[in-house]
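Engineer: Contents of input_10.pdb (PDB, C-alpha atoms) are given next:
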ATOM      1  CA  ALA A   1      -2.221  -5.436  17.825  1.00  0.00           C
ATOM      2  CA  GLY A   2       1.341  -4.365  16.991  1.00  0.00           C
ATOM      3  CA  GLY A   3       4.396  -6.499  16.399  1.00  0.00           C
ATOM      4  CA  ARG A   4       5.466  -8.757  13.572  1.00  0.00           C
ATOM      5  CA  HIS A   5       2.800 -11.108  12.344  1.00  0.00           C
ATOM      6  CA  ASN A   6       3.886 -14.669  11.733  1.00  0.00           C
ATOM      7  CA  ALA A   7       1.409 -16.111   9.223  1.00  0.00           C
ATOM      8  CA  ALA A   8       2.489 -19.681   9.877  1.00  0.00           C
ATOM      9  CA  MET A   9       1.875 -19.440  13.619  1.00  0.00           C
ATOM     10  CA  SER A  10      -1.269 -17.329  13.984  1.00  0.00           C
ATOM     11  CA  ASP A  11      -3.010 -17.070  10.629  1.00  0.00           C
ATOM     12  CA  PRO A  12      -6.604 -18.266  11.108  1.00  0.00           C
ATOM     13  CA  THR A  13      -7.256 -18.588   7.365  1.00  0.00           C
ATOM     14  CA  PRO A  14      -7.956 -22.183   6.320  1.00  0.00           C
ATOM     15  CA  ALA A  15      -5.530 -23.433   3.673  1.00  0.00           C
ATOM     16  CA  ALA A  16      -8.352 -23.877   1.116  1.00  0.00           C
ATOM     17  CA  THR A  17      -9.536 -20.238   1.421  1.00  0.00           C
ATOM     18  CA  PRO A  18      -8.052 -18.057  -1.326  1.00  0.00           C
ATOM     19  CA  ARG A  19      -6.271 -14.868  -0.274  1.00  0.00           C
ATOM     20  CA  LEU A  20      -5.929 -11.480  -1.976  1.00  0.00           C
ATOM     21  CA  LEU A  21      -3.013  -9.184  -1.166  1.00  0.00           C
ATOM     22  CA  LEU A  22      -3.686  -5.490  -1.823  1.00  0.00           C
ATOM     23  CA  VAL A  23      -0.741  -3.133  -1.513  1.00  0.00           C
ATOM     24  CA  ASP A  24      -1.347   0.584  -1.047  1.00  0.00           C
ATOM     25  CA  GLY A  25       1.393   1.476  -3.509  1.00  0.00           C
ATOM     26  CA  SER A  26       0.920   5.224  -3.263  1.00  0.00           C
ATOM     27  CA  SER A  27       1.284   5.210   0.510  1.00  0.00           C
ATOM     28  CA  TYR A  28       4.282   2.882   0.541  1.00  0.00           C
ATOM     29  CA  LEU A  29       6.093   4.599  -2.300  1.00  0.00           C
ATOM     30  CA  TYR A  30       5.966   7.955  -0.502  1.00  0.00           C
ATOM     31  CA  ARG A  31       6.958   6.392   2.817  1.00  0.00           C
ATOM     32  CA  ALA A  32       9.875   4.552   1.198  1.00  0.00           C
ATOM     33  CA  PHE A  33      10.961   7.712  -0.635  1.00  0.00           C
ATOM     34  CA  HIS A  34      11.203   9.675   2.604  1.00  0.00           C
ATOM     35  CA  ALA A  35      12.596   6.805   4.717  1.00  0.00           C
ATOM     36  CA  MET A  36      15.281   5.461   2.394  1.00  0.00           C
ATOM     37  CA  PRO A  37      18.632   7.167   1.842  1.00  0.00           C
ATOM     38  CA  ASP A  38      19.243   8.923  -1.471  1.00  0.00           C
ATOM     39  CA  LEU A  39      20.317   5.775  -3.295  1.00  0.00           C
ATOM     40  CA  ARG A  40      21.336   6.180  -6.944  1.00  0.00           C
ATOM     41  CA  ALA A  41      22.112   3.782  -9.791  1.00  0.00           C
ATOM     42  CA  ASP A  42      25.628   5.277  -9.705  1.00  0.00           C
ATOM     43  CA  PRO A  43      26.343   6.443  -6.129  1.00  0.00           C
ATOM     44  CA  ASN A  44      29.078   8.794  -7.378  1.00  0.00           C
ATOM     45  CA  ASP A  45      26.851  10.594  -9.908  1.00  0.00           C
ATOM     46  CA  ARG A  46      24.129  12.887  -8.456  1.00  0.00           C
ATOM     47  CA  GLY A  47      22.585  12.996 -11.931  1.00  0.00           C
ATOM     48  CA  SER A  48      22.075   9.219 -12.107  1.00  0.00           C
ATOM     49  CA  GLN A  49      18.699   7.551 -11.630  1.00  0.00           C
ATOM     50  CA  PRO A  50      17.469   7.624  -8.002  1.00  0.00           C
ATOM     51  CA  THR A  51      16.482   4.178  -6.709  1.00  0.00           C
ATOM     52  CA  GLY A  52      15.816   4.480  -2.947  1.00  0.00           C
ATOM     53  CA  ALA A  53      12.011   4.468  -3.099  1.00  0.00           C
ATOM     54  CA  ILE A  54      11.830   1.580  -5.525  1.00  0.00           C
ATOM     55  CA  ARG A  55      14.259  -0.425  -3.363  1.00  0.00           C
ATOM     56  CA  GLY A  56      12.071   0.276  -0.336  1.00  0.00           C
ATOM     57  CA  MET A  57       8.999  -0.876  -2.284  1.00  0.00           C
ATOM     58  CA  ILE A  58      10.761  -4.050  -3.434  1.00  0.00           C
ATOM     59  CA  ASN A  59      11.766  -4.835   0.149  1.00  0.00           C
ATOM     60  CA  MET A  60       8.174  -4.327   1.316  1.00  0.00           C
ATOM     61  CA  LEU A  61       6.699  -6.443  -1.489  1.00  0.00           C
ATOM     62  CA  ASN A  62       9.217  -9.232  -0.848  1.00  0.00           C
ATOM     63  CA  ALA A  63       8.435  -9.184   2.887  1.00  0.00           C
ATOM     64  CA  LEU A  64       4.729  -9.390   2.174  1.00  0.00           C
ATOM     65  CA  ARG A  65       5.142 -12.309  -0.263  1.00  0.00           C
ATOM     66  CA  LYS A  66       7.361 -14.099   2.249  1.00  0.00           C
ATOM     67  CA  GLU A  67       4.733 -13.649   4.967  1.00  0.00           C
ATOM     68  CA  TYR A  68       1.856 -14.759   2.693  1.00  0.00           C
ATOM     69  CA  PRO A  69       3.434 -17.142   0.156  1.00  0.00           C
ATOM     70  CA  ASP A  70       0.154 -18.945  -0.536  1.00  0.00           C
ATOM     71  CA  ALA A  71      -1.795 -15.865  -1.723  1.00  0.00           C
ATOM     72  CA  PRO A  72      -2.909 -16.550  -5.308  1.00  0.00           C
ATOM     73  CA  TYR A  73      -4.102 -12.976  -5.943  1.00  0.00           C
ATOM     74  CA  ALA A  74      -2.146  -9.748  -5.512  1.00  0.00           C
ATOM     75  CA  ALA A  75      -2.334  -6.158  -6.727  1.00  0.00           C
ATOM     76  CA  CYS A  76      -0.282  -3.047  -6.067  1.00  0.00           C
ATOM     77  CA  VAL A  77      -2.646  -0.075  -6.282  1.00  0.00           C
ATOM     78  CA  PHE A  78      -1.532   3.486  -6.984  1.00  0.00           C
ATOM     79  CA  ASP A  79      -3.325   6.789  -7.280  1.00  0.00           C
ATOM     80  CA  ALA A  80      -3.931   7.578 -10.944  1.00  0.00           C
ATOM     81  CA  PRO A  81      -2.633  10.936 -12.148  1.00  0.00           C
ATOM     82  CA  GLY A  82      -5.142  13.762 -12.264  1.00  0.00           C
ATOM     83  CA  LYS A  83      -8.128  14.827 -10.240  1.00  0.00           C
ATOM     84  CA  THR A  84     -10.565  12.431  -8.567  1.00  0.00           C
ATOM     85  CA  PHE A  85     -14.230  12.548  -7.675  1.00  0.00           C
ATOM     86  CA  ARG A  86     -13.154  13.813  -4.255  1.00  0.00           C
ATOM     87  CA  ASP A  87     -11.758  16.980  -5.851  1.00  0.00           C
ATOM     88  CA  ALA A  88     -15.153  17.603  -7.468  1.00  0.00           C
ATOM     89  CA  LEU A  89     -16.912  17.143  -4.112  1.00  0.00           C
ATOM     90  CA  TYR A  90     -14.492  19.382  -2.217  1.00  0.00           C
ATOM     91  CA  PRO A  91     -12.298  21.721  -4.334  1.00  0.00           C
ATOM     92  CA  GLU A  92      -9.816  22.287  -1.463  1.00  0.00           C
ATOM     93  CA  TYR A  93      -9.220  18.527  -1.153  1.00  0.00           C
ATOM     94  CA  LYS A  94      -5.458  18.035  -0.740  1.00  0.00           C
ATOM     95  CA  ALA A  95      -4.888  21.648  -1.841  1.00  0.00           C
ATOM     96  CA  GLN A  96      -1.928  21.888   0.536  1.00  0.00           C
ATOM     97  CA  ARG A  97      -0.275  18.690  -0.719  1.00  0.00           C
ATOM     98  CA  ALA A  98       2.943  19.284  -2.646  1.00  0.00           C
ATOM     99  CA  PRO A  99       3.288  17.685  -6.088  1.00  0.00           C
ATOM    100  CA  MET A 100       5.214  14.424  -6.379  1.00  0.00           C
ATOM    101  CA  PRO A 101       8.977  15.117  -6.245  1.00  0.00           C
ATOM    102  CA  ASP A 102      10.695  14.538  -9.597  1.00  0.00           C
ATOM    103  CA  ASP A 103      13.111  11.986  -8.070  1.00  0.00           C
ATOM    104  CA  LEU A 104      10.113   9.992  -6.836  1.00  0.00           C
ATOM    105  CA  ARG A 105       8.162  10.322 -10.104  1.00  0.00           C
ATOM    106  CA  SER A 106      11.073   8.887 -12.091  1.00  0.00           C
ATOM    107  CA  GLN A 107      11.290   5.843  -9.791  1.00  0.00           C
ATOM    108  CA  ARG A 108       7.592   5.094 -10.079  1.00  0.00           C
ATOM    109  CA  LEU A 109       7.983   4.711 -13.827  1.00  0.00           C
ATOM    110  CA  LEU A 110      10.685   2.019 -13.735  1.00  0.00           C
ATOM    111  CA  GLY A 111       8.510  -0.639 -15.344  1.00  0.00           C
ATOM    112  CA  TRP A 112       6.261  -1.599 -12.411  1.00  0.00           C
ATOM    113  CA  THR A 113       2.903  -2.965 -13.431  1.00  0.00           C
ATOM    114  CA  VAL A 114       0.334  -1.110 -11.353  1.00  0.00           C
ATOM    115  CA  LEU A 115      -3.393  -0.785 -10.969  1.00  0.00           C
ATOM    116  CA  ALA A 116      -4.502   2.852 -11.120  1.00  0.00           C
ATOM    117  CA  VAL A 117      -8.095   3.828 -11.888  1.00  0.00           C
ATOM    118  CA  PRO A 118      -8.504   7.309 -13.396  1.00  0.00           C
ATOM    119  CA  GLY A 119     -10.595   9.610 -11.245  1.00  0.00           C
ATOM    120  CA  VAL A 120     -10.366   7.312  -8.204  1.00  0.00           C
ATOM    121  CA  GLU A 121      -7.775   7.283  -5.414  1.00  0.00           C
ATOM    122  CA  ALA A 122      -5.846   4.138  -4.530  1.00  0.00           C
ATOM    123  CA  ASP A 123      -7.576   3.750  -1.164  1.00  0.00           C
ATOM    124  CA  ASP A 124     -10.994   3.783  -2.855  1.00  0.00           C
ATOM    125  CA  VAL A 125      -9.841   1.118  -5.332  1.00  0.00           C
ATOM    126  CA  ILE A 126      -8.429  -0.922  -2.454  1.00  0.00           C
ATOM    127  CA  GLY A 127     -11.694  -0.584  -0.518  1.00  0.00           C
ATOM    128  CA  THR A 128     -13.774  -1.701  -3.489  1.00  0.00           C
ATOM    129  CA  LEU A 129     -11.546  -4.680  -4.261  1.00  0.00           C
ATOM    130  CA  ALA A 130     -11.316  -5.694  -0.594  1.00  0.00           C
ATOM    131  CA  ARG A 131     -15.068  -5.586   0.044  1.00  0.00           C
ATOM    132  CA  THR A 132     -15.883  -7.334  -3.237  1.00  0.00           C
ATOM    133  CA  ALA A 133     -13.336 -10.106  -2.648  1.00  0.00           C
ATOM    134  CA  ALA A 134     -14.373 -10.601   0.985  1.00  0.00           C
ATOM    135  CA  GLY A 135     -17.989 -10.839  -0.170  1.00  0.00           C
ATOM    136  CA  GLN A 136     -16.930 -13.695  -2.451  1.00  0.00           C
ATOM    137  CA  GLY A 137     -15.243 -15.642   0.347  1.00  0.00           C
ATOM    138  CA  VAL A 138     -11.692 -14.439  -0.268  1.00  0.00           C
ATOM    139  CA  GLU A 139      -9.527 -13.529   2.722  1.00  0.00           C
ATOM    140  CA  VAL A 140      -8.019 -10.086   2.128  1.00  0.00           C
ATOM    141  CA  VAL A 141      -4.737  -8.691   3.423  1.00  0.00           C
ATOM    142  CA  ILE A 142      -4.262  -4.980   2.801  1.00  0.00           C
ATOM    143  CA  SER A 143      -0.719  -3.752   3.183  1.00  0.00           C
ATOM    144  CA  SER A 144      -0.741  -0.076   4.114  1.00  0.00           C
ATOM    145  CA  GLY A 145       0.227   2.403   6.776  1.00  0.00           C
ATOM    146  CA  ASP A 146      -2.905   4.480   6.112  1.00  0.00           C
ATOM    147  CA  LYS A 147      -5.057   4.472   9.255  1.00  0.00           C
ATOM    148  CA  ASP A 148      -8.118   5.506   7.204  1.00  0.00           C
ATOM    149  CA  LEU A 149      -8.212   2.001   5.741  1.00  0.00           C
ATOM    150  CA  ALA A 150      -8.927   0.577   9.219  1.00  0.00           C
ATOM    151  CA  GLN A 151     -12.620   1.138   8.472  1.00  0.00           C
ATOM    152  CA  LEU A 152     -12.405  -1.772   6.004  1.00  0.00           C
ATOM    153  CA  VAL A 153     -11.352  -4.326   8.620  1.00  0.00           C
ATOM    154  CA  THR A 154     -13.745  -7.235   9.125  1.00  0.00           C
ATOM    155  CA  PRO A 155     -13.198 -10.852  10.140  1.00  0.00           C
ATOM    156  CA  HIS A 156     -12.185 -11.397   6.471  1.00  0.00           C
ATOM    157  CA  ILE A 157     -10.136  -8.227   5.881  1.00  0.00           C
ATOM    158  CA  VAL A 158      -6.967  -7.350   7.820  1.00  0.00           C
ATOM    159  CA  ILE A 159      -4.418  -4.601   7.390  1.00  0.00           C
ATOM    160  CA  VAL A 160      -0.698  -5.141   7.834  1.00  0.00           C
ATOM    161  CA  ASP A 161       2.023  -2.531   7.784  1.00  0.00           C
ATOM    162  CA  THR A 162       5.237  -4.191   6.680  1.00  0.00           C
ATOM    163  CA  MET A 163       7.243  -1.088   7.572  1.00  0.00           C
ATOM    164  CA  THR A 164       6.217  -1.122  11.242  1.00  0.00           C
ATOM    165  CA  GLY A 165       5.088  -4.738  11.692  1.00  0.00           C
ATOM    166  CA  LYS A 166       1.651  -3.580  12.879  1.00  0.00           C
ATOM    167  CA  ARG A 167      -1.370  -5.782  12.151  1.00  0.00           C
ATOM    168  CA  ARG A 168      -4.907  -4.435  12.314  1.00  0.00           C
ATOM    169  CA  ASP A 169      -7.529  -7.136  12.614  1.00  0.00           C
ATOM    170  CA  VAL A 170     -10.932  -6.585  14.273  1.00  0.00           C
ATOM    171  CA  ALA A 171      -9.466  -6.784  17.794  1.00  0.00           C
ATOM    172  CA  GLY A 172      -6.555  -4.539  16.823  1.00  0.00           C
ATOM    173  CA  VAL A 173      -8.828  -1.863  15.377  1.00  0.00           C
ATOM    174  CA  GLN A 174     -11.075  -1.947  18.432  1.00  0.00           C
ATOM    175  CA  ALA A 175      -8.068  -1.623  20.749  1.00  0.00           C
ATOM    176  CA  GLU A 176      -6.440   1.179  18.751  1.00  0.00           C
ATOM    177  CA  PHE A 177      -9.479   3.265  17.928  1.00  0.00           C
TER
END
Any chance you could put this one into structure tokens?

Structural biologist:
Amino acid sequence: AGGRHNAAMSDPTPAATPRLLLVDGSSYLYRAFHAMPDLRADPNDRGSQPTGAIRGMINMLNALRKEYPDAPYAACVFDAPGKTFRDALYPEYKAQRAPMPDDLRSQRLLGWTVLAVPGVEADDVIGTLARTAAGQGVEVVISSGDKDLAQLVTPHIVIVDTMTGKRRDVAGVQAEF
């Protein structure tokens, strides 16, 4: 199931079938923030705007568009600020999670258009959009490293991780889990 996916060689989606790309922005932004070096707008000024996470996100988005150039629909989904319905169900939900680092928060606000639904986490928004689109005959590619999203995989929904090259289709999920 792992390895780089070459859409041109092994993509079973007929050319006439529309495709939706859903990017787990929250997951990728954090991963890029921790994986990228401390890049700054002015490398010689520690007080200048940090840019490492946003550069990592741009690289990931460009790789995804290059791999799926024919996808007419795309959304980058982030967690909305504030509590979600999960916090109401379980007050200790993510109680141990540290707040977003200031250097990361400032990069997220650099003009990116995002989809963030108040009171709902990004993975729940992604799940709703993926299942709805697949139910309407749209092939869905979810770009995320979050293993929890593997439960969404069907013959019409796949998950790709552009940071590792892993692809989770039905066979990949069955083999991995």

Engineer: Can you tell me, as a ChimeraX atom specification, what residues are no more than 12 Å from Met163 of chain A when counting only C-alpha atoms, ignoring any on the same chain fewer than 4 positions away?

Structural biologist: /A:2-5,27-29,31-32,35-36,56-64,143-146,167

Engineer: Need the shell around segment 116-131 of chain A: protein/DNA/RNA residues with any atom at most 10 Å away, counting only C-alpha atoms. Skip same-chain ones fewer than 6 positions apart. Format as JSON, numbers by chain?

Structural biologist: {"A": [20, 21, 22, 23, 24, 25, 26, 27, 75, 76, 77, 78, 79, 80, 81, 82, 83, 84, 85, 86, 87, 88, 138, 139, 140, 141, 142, 143, 144, 146, 148, 149, 151, 152, 153, 154, 156, 157, 158]}

Engineer: Mind pulling up the distance from atom CA of Arg19 of chain A to atom CA of Asp70 of chain A?

Structural biologist: 7.6 Å

Engineer: I'd like the interatomic distance between atom CA of Glu176 of chain A and atom CA of Phe33 of chain A, to a tenth of an Å.

Structural biologist: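 Atom-to-atom, atom CA of Glu176 of chain A to atom CA of Phe33 of chain A, that is 26.9 Å.
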
Engineer: What is the atom CA of Leu115 of chain A to atom CA of Ala71 of chain A distance in Å?

Structural biologist: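 Separation between atom CA of Leu115 of chain A and atom CA of Ala71 of chain A: 17.8 Å.
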
Engineer: Within 7 Å of (-3.9, -5.9, 10.0) in the file's own coordinates, which protein, DNA or RNA residues have an atom, counting only C-alpha atoms? List them as a ChimeraX atom specification.

Structural biologist: /A:158-160,166-169

Engineer: Please determine, counting all atoms listed in the file, which residue among A:Ala16, A:Lys66, A:His34, A:Gly47 has the shortest atom-to-atom distance to Thr162 of chain A.

Structural biologist: A:Lys66

Engineer: Nearest to Ala175 of chain A: which of A:Pro155, A:Pro69, A:Ala150, A:Gly135 is it, counting all atoms listed in the file?

Structural biologist: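 Of A:Pro155, A:Pro69, A:Ala150, A:Gly135, the one nearest Ala175 of chain A is A:Ala150, counting all atoms listed in the file.
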
Engineer: Counting all atoms listed in the file, figure out which residue out of A:Thr164, A:Gln174, A:Ala133, A:Asp102 gets nearest to Gln49 of chain A.

Structural biologist: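 The answer is A:Asp102, which sits nearest to Gln49 of chain A.
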
Engineer: Ranking A:Glu67, A:Arg40, A:Asp45, A:Ala53 by minimum distance to Gly165 of chain A and counting all atoms listed in the file, which one comes first?

Structural biologist: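 Answer, going by the shortest atom-to-atom distance: A:Glu67.
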